[in-house]
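Contents: one structure, followed by commentary.
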Amino acid sequence: MKQIFQLVSIQLKEFYREPGILFWAFVFPIAMAGVLGIAFKNRGSEEVKIAILENSYQIEELQKILDSSSIEKSNSHETKKSNDENTATNPGSLPSLKFLILSKEDAIRDLKRGKLNVIVERTQDGKIHFSFDSDNPNGQRDYLLILAKIRSGKTDFESQVDRLDSKGTRYIDYLVPGMLAMGVMNSCLWGVGWNLIEMRMKKLLRRMSATPMNKLYFLLSFFFTRLIVTAVESAILLSFTLLTFENSFEGSIGAALLVYLAGNFAFACIGMFIGSRAAGSQVGNGLVNAVTFPMMVLSGIFFSYQNFPEVVLPFIRNLPLTLMADSLRAVFIEGAGLVFVIPTVISLLVYGIVFLFIGSRIFRWS
């Protein structure tokens, strides 16, 4: 029994003598909980956006039924915002609703981008039609929220739920491009960053540095390796979703490939930066998770990042994973072309060049 206590004591001493391990084990989880807690502290007062088609029958009466005092008139060129005193309120702790009067084309576009989840229309027979993808949990939530708001006003109405199942408007259409981007991120960060850390732990980097090998070529070789691996992974995912869910591809193949290459380059360079100095498995795990986990939560892979507070949206939109996922969605379901994705490609290349430069400068071979 004494030997067990001694062995446990030795391992605990090894643990707390490594500052990196202590940080990722204790400080990082608390920091993440604090940041997310502050970000969602006032979620009860959020606004949920609902689209009302501008050709709806007796639209003013429809607004009264929906009990909204916050209406935005919008088109593809201009948006007029209502005053703060016109913000709709909900009973209890329910989020407030903001109804946007949109054309059908604009409503579908915003739905594809995840800016809203439910489209409302009233036909001449007085029936209110709610259109949303029932496979999208956010769509179901917003629909139930509207019903709760209407029923709180004790208003009689006839309604019908129209399931959105056309290509491009389904949750699976929103999900797949994000999954492609997330797959590239995980493959590059773990495949490059972790491999470099493992090679350093095994003293392989020291041996390779003693050879006449070009060090920059060595680092770039990881990018080309990851590019081949991610291409196979993405092809398998796309083939599966195409056969199973009949996902559509509306845009330019060249634009998608350009975004894909730029994303691979950016994440491979970030992975190289992560693996530039770390020499322990626990620290390496913490570093990779510290980069991947926040972006998976914030970048709108599984749900729209439009649900986050307005103050953090500019930061979220410029994360590498967000840039790649948004551009792939635009190409896949909105038909975007090369001109649309050029700013994203430039941003991803800048990310890659910056991290490649810094990582190569601080890279440790031993």
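Identifiers for the structure tokens are assigned positionally: chains receive A, B, ... in sequence, residues are indexed from 1 per chain, and ligands are indexed from 1 in the order shown.
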Identify, on the basis of only C-alpha atoms, every residue whose closest approach to region 347-358 of chain A does not exceed 7 Å; exclude the query and any residue fewer than 4 positions from it along the same chain; express the result as a ChimeraX atom specification.
/A:262-263,265-267,269-270,273,320,343,362
Gap from CA of Phe332 (chain A) to CA of His129 (chain A) - Å, one decimal:
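Atom-to-atom, CA of Phe332 (chain A) to CA of His129 (chain A), that is 27.5 Å.
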So, with only C-alpha atoms as the atoms that count, which of A:Met295, A:Leu145, A:Met199, A:Leu216 lies closest to Asn318 (chain A)?
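Of A:Met295, A:Leu145, A:Met199, A:Leu216, the one nearest Asn318 (chain A) is A:Met295, counting only C-alpha atoms.
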From the list A:Glu121, A:Asp110, A:Glu54, A:Asp162, which residue is nearest Ser304 (chain A) when using only C-alpha atoms?
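With only C-alpha atoms as the atom set, the closest residue is A:Asp110.
With only C-alpha atoms as the atoms that count, the minimum distance from Arg277 (chain A) to the choices A:Leu180, A:Ile197, A:Val345, A:Val291 is reached by A:Ile197.
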Can you list every residue in region 130-361 of chain A that DSSP puts in helix (DSSP H, G or I), as a VMD selection string?
chain A and resid 137 to 152 171 to 201 204 to 209 215 to 245 253 to 274 281 to 298 305 to 307 310 to 317 320 to 334 338 to 361
Find the spatial neighbours of Ala256 (chain A), counting only C-alpha atoms, within a cut-off of 12 Å - ignore same-chain residues fewer than 4 positions away - and output them as a ChimeraX atom specification.
/A:177,180-181,249-252,260-263,324-333,335-342,344-345
Requested write-out: N, CA and C atoms of the selected residues, as a PDB file, in the first residue's frame:
```pdb
ATOM      1  N   PRO A 177     -21.992  22.036 -45.301  1.00  0.00           N
ATOM      2  CA  PRO A 177     -20.817  22.886 -45.530  1.00  0.00           C
ATOM      3  C   PRO A 177     -20.043  23.172 -44.250  1.00  0.00           C
ATOM      4  N   LEU A 180     -17.944  20.179 -43.441  1.00  0.00           N
ATOM      5  CA  LEU A 180     -16.748  20.138 -44.291  1.00  0.00           C
ATOM      6  C   LEU A 180     -15.654  21.039 -43.727  1.00  0.00           C
ATOM      7  N   ALA A 181     -16.035  22.261 -43.358  1.00  0.00           N
ATOM      8  CA  ALA A 181     -15.062  23.204 -42.807  1.00  0.00           C
ATOM      9  C   ALA A 181     -14.495  22.694 -41.487  1.00  0.00           C
ATOM     10  N   PHE A 249     -25.824  21.355 -55.065  1.00  0.00           N
ATOM     11  CA  PHE A 249     -24.667  22.237 -55.196  1.00  0.00           C
ATOM     12  C   PHE A 249     -25.041  23.294 -56.220  1.00  0.00           C
ATOM     13  N   GLU A 250     -25.266  24.534 -55.759  1.00  0.00           N
ATOM     14  CA  GLU A 250     -25.824  25.570 -56.624  1.00  0.00           C
ATOM     15  C   GLU A 250     -24.784  26.490 -57.244  1.00  0.00           C
ATOM     16  N   GLY A 251     -23.590  26.576 -56.653  1.00  0.00           N
ATOM     17  CA  GLY A 251     -22.638  27.591 -57.078  1.00  0.00           C
ATOM     18  C   GLY A 251     -21.521  27.090 -57.958  1.00  0.00           C
ATOM     19  N   SER A 252     -20.412  27.834 -57.923  1.00  0.00           N
ATOM     20  CA  SER A 252     -19.260  27.555 -58.770  1.00  0.00           C
ATOM     21  C   SER A 252     -18.336  26.538 -58.100  1.00  0.00           C
ATOM     22  N   TYR A 260     -11.738  25.986 -50.317  1.00  0.00           N
ATOM     23  CA  TYR A 260     -11.254  24.751 -49.697  1.00  0.00           C
ATOM     24  C   TYR A 260      -9.731  24.761 -49.576  1.00  0.00           C
ATOM     25  N   LEU A 261      -9.046  25.166 -50.633  1.00  0.00           N
ATOM     26  CA  LEU A 261      -7.586  25.223 -50.608  1.00  0.00           C
ATOM     27  C   LEU A 261      -7.096  26.267 -49.611  1.00  0.00           C
ATOM     28  N   ALA A 262      -7.731  27.447 -49.624  1.00  0.00           N
ATOM     29  CA  ALA A 262      -7.331  28.509 -48.699  1.00  0.00           C
ATOM     30  C   ALA A 262      -7.569  28.091 -47.252  1.00  0.00           C
ATOM     31  N   GLY A 263      -8.684  27.406 -46.997  1.00  0.00           N
ATOM     32  CA  GLY A 263      -8.970  26.929 -45.648  1.00  0.00           C
ATOM     33  C   GLY A 263      -7.957  25.899 -45.184  1.00  0.00           C
ATOM     34  N   MET A 324     -14.603  30.189 -43.545  1.00  0.00           N
ATOM     35  CA  MET A 324     -14.663  29.052 -44.464  1.00  0.00           C
ATOM     36  C   MET A 324     -16.067  28.477 -44.544  1.00  0.00           C
ATOM     37  N   ALA A 325     -16.719  28.283 -43.393  1.00  0.00           N
ATOM     38  CA  ALA A 325     -18.058  27.686 -43.379  1.00  0.00           C
ATOM     39  C   ALA A 325     -19.075  28.579 -44.082  1.00  0.00           C
ATOM     40  N   ASP A 326     -19.028  29.886 -43.822  1.00  0.00           N
ATOM     41  CA  ASP A 326     -19.984  30.802 -44.449  1.00  0.00           C
ATOM     42  C   ASP A 326     -19.817  30.832 -45.963  1.00  0.00           C
ATOM     43  N   SER A 327     -18.580  30.837 -46.428  1.00  0.00           N
ATOM     44  CA  SER A 327     -18.347  30.886 -47.875  1.00  0.00           C
ATOM     45  C   SER A 327     -18.767  29.587 -48.548  1.00  0.00           C
ATOM     46  N   LEU A 328     -18.492  28.458 -47.913  1.00  0.00           N
ATOM     47  CA  LEU A 328     -18.931  27.183 -48.488  1.00  0.00           C
ATOM     48  C   LEU A 328     -20.454  27.106 -48.539  1.00  0.00           C
ATOM     49  N   ARG A 329     -21.133  27.607 -47.504  1.00  0.00           N
ATOM     50  CA  ARG A 329     -22.604  27.623 -47.529  1.00  0.00           C
ATOM     51  C   ARG A 329     -23.115  28.515 -48.655  1.00  0.00           C
ATOM     52  N   ALA A 330     -22.471  29.669 -48.826  1.00  0.00           N
ATOM     53  CA  ALA A 330     -22.903  30.577 -49.886  1.00  0.00           C
ATOM     54  C   ALA A 330     -22.770  29.918 -51.253  1.00  0.00           C
ATOM     55  N   VAL A 331     -21.701  29.164 -51.455  1.00  0.00           N
ATOM     56  CA  VAL A 331     -21.496  28.481 -52.733  1.00  0.00           C
ATOM     57  C   VAL A 331     -22.469  27.317 -52.886  1.00  0.00           C
ATOM     58  N   PHE A 332     -22.623  26.526 -51.837  1.00  0.00           N
ATOM     59  CA  PHE A 332     -23.443  25.314 -51.906  1.00  0.00           C
ATOM     60  C   PHE A 332     -24.927  25.631 -52.074  1.00  0.00           C
ATOM     61  N   ILE A 333     -25.469  26.547 -51.268  1.00  0.00           N
ATOM     62  CA  ILE A 333     -26.927  26.706 -51.234  1.00  0.00           C
ATOM     63  C   ILE A 333     -27.431  28.041 -51.771  1.00  0.00           C
ATOM     64  N   GLY A 335     -25.582  29.655 -54.482  1.00  0.00           N
ATOM     65  CA  GLY A 335     -25.085  29.810 -55.839  1.00  0.00           C
ATOM     66  C   GLY A 335     -24.017  30.870 -55.995  1.00  0.00           C
ATOM     67  N   ALA A 336     -23.253  31.154 -54.945  1.00  0.00           N
ATOM     68  CA  ALA A 336     -22.215  32.181 -55.017  1.00  0.00           C
ATOM     69  C   ALA A 336     -21.097  31.751 -55.961  1.00  0.00           C
ATOM     70  N   GLY A 337     -20.446  32.762 -56.558  1.00  0.00           N
ATOM     71  CA  GLY A 337     -19.366  32.502 -57.498  1.00  0.00           C
ATOM     72  C   GLY A 337     -18.025  32.982 -56.987  1.00  0.00           C
ATOM     73  N   LEU A 338     -17.063  33.083 -57.898  1.00  0.00           N
ATOM     74  CA  LEU A 338     -15.697  33.437 -57.535  1.00  0.00           C
ATOM     75  C   LEU A 338     -15.598  34.820 -56.905  1.00  0.00           C
ATOM     76  N   VAL A 339     -16.318  35.794 -57.446  1.00  0.00           N
ATOM     77  CA  VAL A 339     -16.229  37.165 -56.936  1.00  0.00           C
ATOM     78  C   VAL A 339     -16.639  37.227 -55.472  1.00  0.00           C
ATOM     79  N   PHE A 340     -17.660  36.471 -55.102  1.00  0.00           N
ATOM     80  CA  PHE A 340     -18.173  36.501 -53.733  1.00  0.00           C
ATOM     81  C   PHE A 340     -17.144  35.970 -52.735  1.00  0.00           C
ATOM     82  N   VAL A 341     -16.391  34.930 -53.105  1.00  0.00           N
ATOM     83  CA  VAL A 341     -15.512  34.260 -52.139  1.00  0.00           C
ATOM     84  C   VAL A 341     -14.109  34.847 -52.088  1.00  0.00           C
ATOM     85  N   ILE A 342     -13.773  35.768 -52.995  1.00  0.00           N
ATOM     86  CA  ILE A 342     -12.412  36.314 -53.019  1.00  0.00           C
ATOM     87  C   ILE A 342     -12.014  36.955 -51.689  1.00  0.00           C
ATOM     88  N   THR A 344     -12.980  36.232 -48.691  1.00  0.00           N
ATOM     89  CA  THR A 344     -12.739  35.134 -47.743  1.00  0.00           C
ATOM     90  C   THR A 344     -11.417  34.442 -48.033  1.00  0.00           C
ATOM     91  N   VAL A 345     -11.148  34.173 -49.300  1.00  0.00           N
ATOM     92  CA  VAL A 345      -9.896  33.509 -49.682  1.00  0.00           C
ATOM     93  C   VAL A 345      -8.697  34.349 -49.251  1.00  0.00           C
TER      94      VAL A 345
END
```
Please list as a ChimeraX atom specification every residue within 12 Å of Ile108 (chain A), counting only C-alpha atoms and excluding residues in the same chain fewer than 2 positions away.
/A:50-53,76,102-106,110-120,131-133,164,166-170,333-334
Written file, previous selection with N, CA and C atoms, as a compact mmCIF listing (two decimals), in the first residue's frame:
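Saved the output as out19.txt:
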```txt
# COMPACT_ATOMS: atom_id res chain seq x y z
N ILE A 50 -38.49 36.72 -37.05
CA ILE A 50 -39.46 35.94 -37.81
C ILE A 50 -39.81 36.72 -39.07
N ALA A 51 -39.83 36.05 -40.22
CA ALA A 51 -40.15 36.71 -41.49
C ALA A 51 -41.65 36.64 -41.76
N ILE A 52 -42.23 37.79 -42.14
CA ILE A 52 -43.61 37.85 -42.64
C ILE A 52 -43.54 38.21 -44.12
N LEU A 53 -44.11 37.38 -44.97
CA LEU A 53 -44.08 37.67 -46.41
C LEU A 53 -44.89 38.91 -46.70
N SER A 76 -33.77 43.71 -50.56
CA SER A 76 -32.41 43.26 -50.79
C SER A 76 -31.41 44.40 -50.77
N LEU A 102 -40.67 40.84 -45.47
CA LEU A 102 -39.72 40.53 -46.53
C LEU A 102 -40.43 39.94 -47.74
N SER A 103 -39.78 40.07 -48.88
CA SER A 103 -40.23 39.32 -50.05
C SER A 103 -39.89 37.85 -49.84
N LYS A 104 -40.51 36.99 -50.62
CA LYS A 104 -40.25 35.56 -50.46
C LYS A 104 -38.79 35.23 -50.74
N GLU A 105 -38.22 35.89 -51.75
CA GLU A 105 -36.82 35.62 -52.12
C GLU A 105 -35.88 36.02 -50.98
N ASP A 106 -36.13 37.20 -50.38
CA ASP A 106 -35.27 37.66 -49.29
C ASP A 106 -35.45 36.79 -48.05
N ASP A 110 -32.40 34.75 -46.24
CA ASP A 110 -32.03 34.88 -44.83
C ASP A 110 -32.17 33.56 -44.08
N LEU A 111 -33.14 32.75 -44.48
CA LEU A 111 -33.31 31.44 -43.85
C LEU A 111 -32.11 30.54 -44.17
N LYS A 112 -31.64 30.58 -45.41
CA LYS A 112 -30.47 29.78 -45.79
C LYS A 112 -29.23 30.20 -45.02
N ARG A 113 -29.14 31.49 -44.72
CA ARG A 113 -27.97 32.00 -44.00
C ARG A 113 -28.08 31.83 -42.49
N GLY A 114 -29.21 31.32 -42.03
CA GLY A 114 -29.39 31.11 -40.60
C GLY A 114 -29.77 32.35 -39.83
N LYS A 115 -30.17 33.43 -40.52
CA LYS A 115 -30.57 34.66 -39.84
C LYS A 115 -31.96 34.55 -39.23
N LEU A 116 -32.78 33.66 -39.77
CA LEU A 116 -34.11 33.40 -39.22
C LEU A 116 -34.47 31.95 -39.52
N ASN A 117 -35.50 31.47 -38.83
CA ASN A 117 -35.85 30.05 -38.96
C ASN A 117 -37.29 29.79 -39.37
N VAL A 118 -38.16 30.80 -39.27
CA VAL A 118 -39.58 30.62 -39.56
C VAL A 118 -40.06 31.72 -40.49
N ILE A 119 -40.86 31.34 -41.50
CA ILE A 119 -41.49 32.29 -42.42
C ILE A 119 -42.99 32.20 -42.23
N VAL A 120 -43.64 33.36 -42.05
CA VAL A 120 -45.08 33.41 -41.79
C VAL A 120 -45.78 34.07 -42.98
N SER A 131 -43.89 28.33 -42.13
CA SER A 131 -42.97 27.51 -42.92
C SER A 131 -41.62 27.43 -42.22
N PHE A 132 -41.19 26.21 -41.93
CA PHE A 132 -39.88 25.99 -41.32
C PHE A 132 -39.49 24.53 -41.50
N ASP A 133 -38.21 24.26 -41.28
CA ASP A 133 -37.72 22.88 -41.38
C ASP A 133 -37.89 22.22 -40.02
N LEU A 164 -40.58 22.90 -44.75
CA LEU A 164 -39.64 23.31 -45.79
C LEU A 164 -38.72 22.13 -46.09
N SER A 166 -37.50 21.76 -49.53
CA SER A 166 -36.83 22.00 -50.81
C SER A 166 -35.33 22.17 -50.57
N LYS A 167 -34.53 21.79 -51.54
CA LYS A 167 -33.09 21.82 -51.39
C LYS A 167 -32.60 23.24 -51.12
N GLY A 168 -31.72 23.35 -50.15
CA GLY A 168 -31.16 24.64 -49.79
C GLY A 168 -31.81 25.25 -48.56
N THR A 169 -33.03 24.83 -48.23
CA THR A 169 -33.73 25.41 -47.08
C THR A 169 -33.75 24.45 -45.89
N ARG A 170 -33.24 23.24 -46.07
CA ARG A 170 -33.28 22.25 -44.99
C ARG A 170 -32.09 22.43 -44.05
N ILE A 333 -25.47 26.55 -51.27
CA ILE A 333 -26.93 26.71 -51.23
C ILE A 333 -27.43 28.04 -51.77
N GLU A 334 -26.51 29.00 -52.03
CA GLU A 334 -26.95 30.28 -52.58
C GLU A 334 -26.45 30.52 -53.99
```
So how far away is CA of Leu321 (chain A) from CA of Glu47 (chain A), in Å?
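That distance, rounded to one decimal, is 25.3 Å.
For Tyr57 (chain A), the list of residues within 8 Å, based on only C-alpha atoms and with local chain neighbours fewer than 2 positions off taken out, reads Asn55, Ile59, Leu62, Glu121, Arg122, Thr123, Gln124 and Gly126 of chain A.
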Just the number, please: distance in Å from CA of Ser56 (chain A) to CA of Ile101 (chain A), one decimal.
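Result for CA of Ser56 (chain A) versus CA of Ile101 (chain A): 9.5 Å, one decimal.
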